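Since the structure comes first, as structure tokens, the remarks are kept for the end.
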Amino acid sequence: MDAPSHSLPPALPPTFAASPLPGLPGIGGALGLIALYFAMQVVTGFVAALLLGFGYRLLHGATSVDLRALVARPDISSAVVIVTLCGAALVTLWVARARWPRLWAQAQPPGFGFATPALAYCIAAVVLGLVVPLVGGKLTELLAHGHAVPQDVKQLGGGAGTGFRIALTLAVASIGPLVEELLFRGVLLSALLRRLRTAWAVLASAALFALVHLPDLHWLWYALPNLALLGVVLAWLRLRSGSLWPAVIAHASNNLLAMLALFASLAHPG
């Protein structure tokens with residue numbers, strides 16, 4: 001979607017960008033919080049797998065258990081992913097809230113935007129969250145030249161039961177968008193706007209948003225433009241609406257559409 005040049009807020013004045021304002025997130029702090037979120041996914045996933053293995057041994061009276069084989073089971077794997085997302089999200093949200101409490105509900109940067117948006121932006125968010133991935137998907141198809149773009153979540157949910165698929169879909173469509181929007185369109189964008197013009201800050205946050213998702217896409221570069229496009233639209237929603245919630249809604253709509261499409265393709269592979 002093309003937006004008129006005046007639709008984005010103007011760049012913050014140089015005096016603001018250059019002043020060392022205490023209590024505001026810097027780029028280093030924003031990147032550190034992003035790193036914490038993904039590090040906590042690793043830690044939480046490892047702990048969850050260990051606890052599941054221990055519980056399996058107790059329930060079945062086994063003296064040993066092949067943890068790798070246990071976690072490879074679709075239902076168990078889905079459960080680990082859900083626990084991982086929840087654990088990492090709780091830690092990240094708590095750290096951000098404790099570190100920058102006064103910025104939490106401020107509408108415009110340097111605030112994080114947990115403010116009530118106008119209903120029109122919420123409706124626009126749903127529409128954009130459903131339309132942008134269709135446009136981005138076509139772009140990926142053009143760049144991929146017929147190659148598939150595998151996603152770990154498809155492999156995880158492929159053999160899982162209906163209950164686990166529903167739980168996994170809800171987690172991916174709610175917890176992930178909430179935390180990632182706080183990280184990329186809340187903390188990081190706020191930090192970038194103190195040093196860059198609005199357009200450059202939006203592009204930089206969108207680029208990093210795309211890059212951190214590459215491992216889930218098996219490092220296939222042609223998936224980057226789709227994710228970057230989504231990142232730009234989400235940043236536009238956040239700045240234009242004066243709230244983070246429209247970006248969360250659009251991100252959630254995007255993830256929900258992706259999950260439903262993945263499971264539909266598994267149910268009807270032809």
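Letters A, B, ... mark the chains of the structure tokens in the order given; residue numbers begin at 1 per chain; ligand numbers begin at 1, in order shown.
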
Contacts between region 221-228 of chain A and region 45-163 of chain A, please, where a residue of region 45-163 of chain A counts if it comes within 9 Å (with only C-alpha atoms); show its shortest atom pair and distance in Å to one decimal, rows by chain and ascending number, as JSON lines.
```
{"residue": "A:Val132", "atom": "CA", "partner": "A:Asn226", "partner_atom": "CA", "distance": 8.5}
{"residue": "A:Pro133", "atom": "CA", "partner": "A:Asn226", "partner_atom": "CA", "distance": 7.2}
{"residue": "A:Val135", "atom": "CA", "partner": "A:Asn226", "partner_atom": "CA", "distance": 8.0}
{"residue": "A:Gly136", "atom": "CA", "partner": "A:Asn226", "partner_atom": "CA", "distance": 4.3}
{"residue": "A:Gly137", "atom": "CA", "partner": "A:Asn226", "partner_atom": "CA", "distance": 6.5}
{"residue": "A:Lys138", "atom": "CA", "partner": "A:Asn226", "partner_atom": "CA", "distance": 8.7}
{"residue": "A:Leu139", "atom": "CA", "partner": "A:Asn226", "partner_atom": "CA", "distance": 6.7}
{"residue": "A:Thr140", "atom": "CA", "partner": "A:Ala223", "partner_atom": "CA", "distance": 5.7}
{"residue": "A:Glu141", "atom": "CA", "partner": "A:Tyr222", "partner_atom": "CA", "distance": 8.5}
{"residue": "A:Leu142", "atom": "CA", "partner": "A:Tyr222", "partner_atom": "CA", "distance": 8.8}
{"residue": "A:Leu143", "atom": "CA", "partner": "A:Tyr222", "partner_atom": "CA", "distance": 5.6}
{"residue": "A:Ala144", "atom": "CA", "partner": "A:Tyr222", "partner_atom": "CA", "distance": 5.9}
{"residue": "A:Val149", "atom": "CA", "partner": "A:Ala223", "partner_atom": "CA", "distance": 7.4}
```

- Query: Any idea what's packed within 9 Å of region 98-108 of chain A, counting only C-alpha atoms, ignoring anything in its chain fewer than 6 positions away? Could you give it as an MDAnalysis selection string?
  - Reply: chainID A and resid 23:25 114:117 186 190 238:239 241:244

Write the residues of the preceding selection, restricted to N, CA and C atoms, as a JSON list (two decimals), in the first residue's frame.
```json
[["chain", "number", "residue", "atom", "x", "y", "z"],
["A", 23, "GLY", "N", 16.69, 7.08, 30.77],
["A", 23, "GLY", "CA", 15.42, 6.38, 30.88],
["A", 23, "GLY", "C", 14.78, 6.03, 29.56],
["A", 24, "LEU", "N", 15.41, 6.39, 28.44],
["A", 24, "LEU", "CA", 14.88, 6.04, 27.13],
["A", 24, "LEU", "C", 15.71, 4.90, 26.54],
["A", 25, "PRO", "N", 15.08, 4.01, 25.78],
["A", 25, "PRO", "CA", 15.83, 2.89, 25.21],
["A", 25, "PRO", "C", 16.78, 3.35, 24.11],
["A", 114, "PHE", "N", 1.30, 1.30, 23.96],
["A", 114, "PHE", "CA", 0.20, 0.50, 24.50],
["A", 114, "PHE", "C", -0.93, 1.44, 24.92],
["A", 115, "ALA", "N", -1.48, 2.11, 23.91],
["A", 115, "ALA", "CA", -2.57, 3.07, 24.09],
["A", 115, "ALA", "C", -3.75, 2.64, 23.23],
["A", 116, "THR", "N", -4.94, 3.10, 23.59],
["A", 116, "THR", "CA", -6.14, 2.71, 22.86],
["A", 116, "THR", "C", -6.17, 3.38, 21.49],
["A", 117, "PRO", "N", -6.28, 2.60, 20.41],
["A", 117, "PRO", "CA", -6.31, 3.19, 19.07],
["A", 117, "PRO", "C", -7.73, 3.48, 18.62],
["A", 186, "GLY", "N", 7.97, -1.18, 18.97],
["A", 186, "GLY", "CA", 7.93, -0.44, 20.22],
["A", 186, "GLY", "C", 9.31, 0.05, 20.63],
["A", 190, "SER", "N", 11.47, 3.05, 18.53],
["A", 190, "SER", "CA", 11.64, 4.22, 19.38],
["A", 190, "SER", "C", 13.10, 4.64, 19.46],
["A", 238, "ARG", "N", 1.80, 1.49, 13.35],
["A", 238, "ARG", "CA", 2.13, 1.92, 14.70],
["A", 238, "ARG", "C", 2.27, 3.44, 14.79],
["A", 239, "LEU", "N", 2.98, 4.03, 13.82],
["A", 239, "LEU", "CA", 3.22, 5.47, 13.86],
["A", 239, "LEU", "C", 1.98, 6.27, 13.48],
["A", 241, "SER", "N", -1.22, 5.38, 13.72],
["A", 241, "SER", "CA", -2.33, 5.25, 14.67],
["A", 241, "SER", "C", -2.01, 5.80, 16.04],
["A", 242, "GLY", "N", -0.72, 5.96, 16.36],
["A", 242, "GLY", "CA", -0.34, 6.38, 17.70],
["A", 242, "GLY", "C", -0.54, 5.28, 18.73],
["A", 243, "SER", "N", -0.57, 4.05, 18.26],
["A", 243, "SER", "CA", -0.77, 2.91, 19.15],
["A", 243, "SER", "C", -0.06, 1.69, 18.58],
["A", 244, "LEU", "N", 0.38, 0.81, 19.45],
["A", 244, "LEU", "CA", 1.02, -0.43, 19.02],
["A", 244, "LEU", "C", -0.02, -1.50, 18.66]]
```

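You can rank A:Phe38, A:Trp94, A:Phe263, A:Phe184 by their closest distance to Ser205 (chain A) using only C-alpha atoms, and at the top of that list sits A:Phe184.
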
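Taking CA of Leu203 (chain A) and CA of Val232 (chain A) as the two end points, the separation is 6.4 Å.
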
- Message: For the alpha helix (DSSP H) assignment from backbone DSSP, which residues of region 67-209 of chain A qualify? Please present them as a ChimeraX atom specification.
- Response: /A:67-72,74-99,119-144,152-157,162-181,189-193,198-209

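CA of Gly176 (chain A) is found 7.7 Å from CA of Ala89 (chain A).
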
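Take CA of Leu188 (chain A) and CA of Cys86 (chain A): the distance between them is 21.3 Å.
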
- Item | Shell of 12 Å around region 48-50 of chain A, only C-alpha atoms, local chain residues under 2 positions omitted, as a ChimeraX atom specification | /A:40-46,52-57,65-73,76-88

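Minimum atom-to-atom distance to Gly111 (chain A), evaluated using only C-alpha atoms, belongs to A:Leu193 out of A:His145, A:Val95, A:Leu193, A:Asp75.
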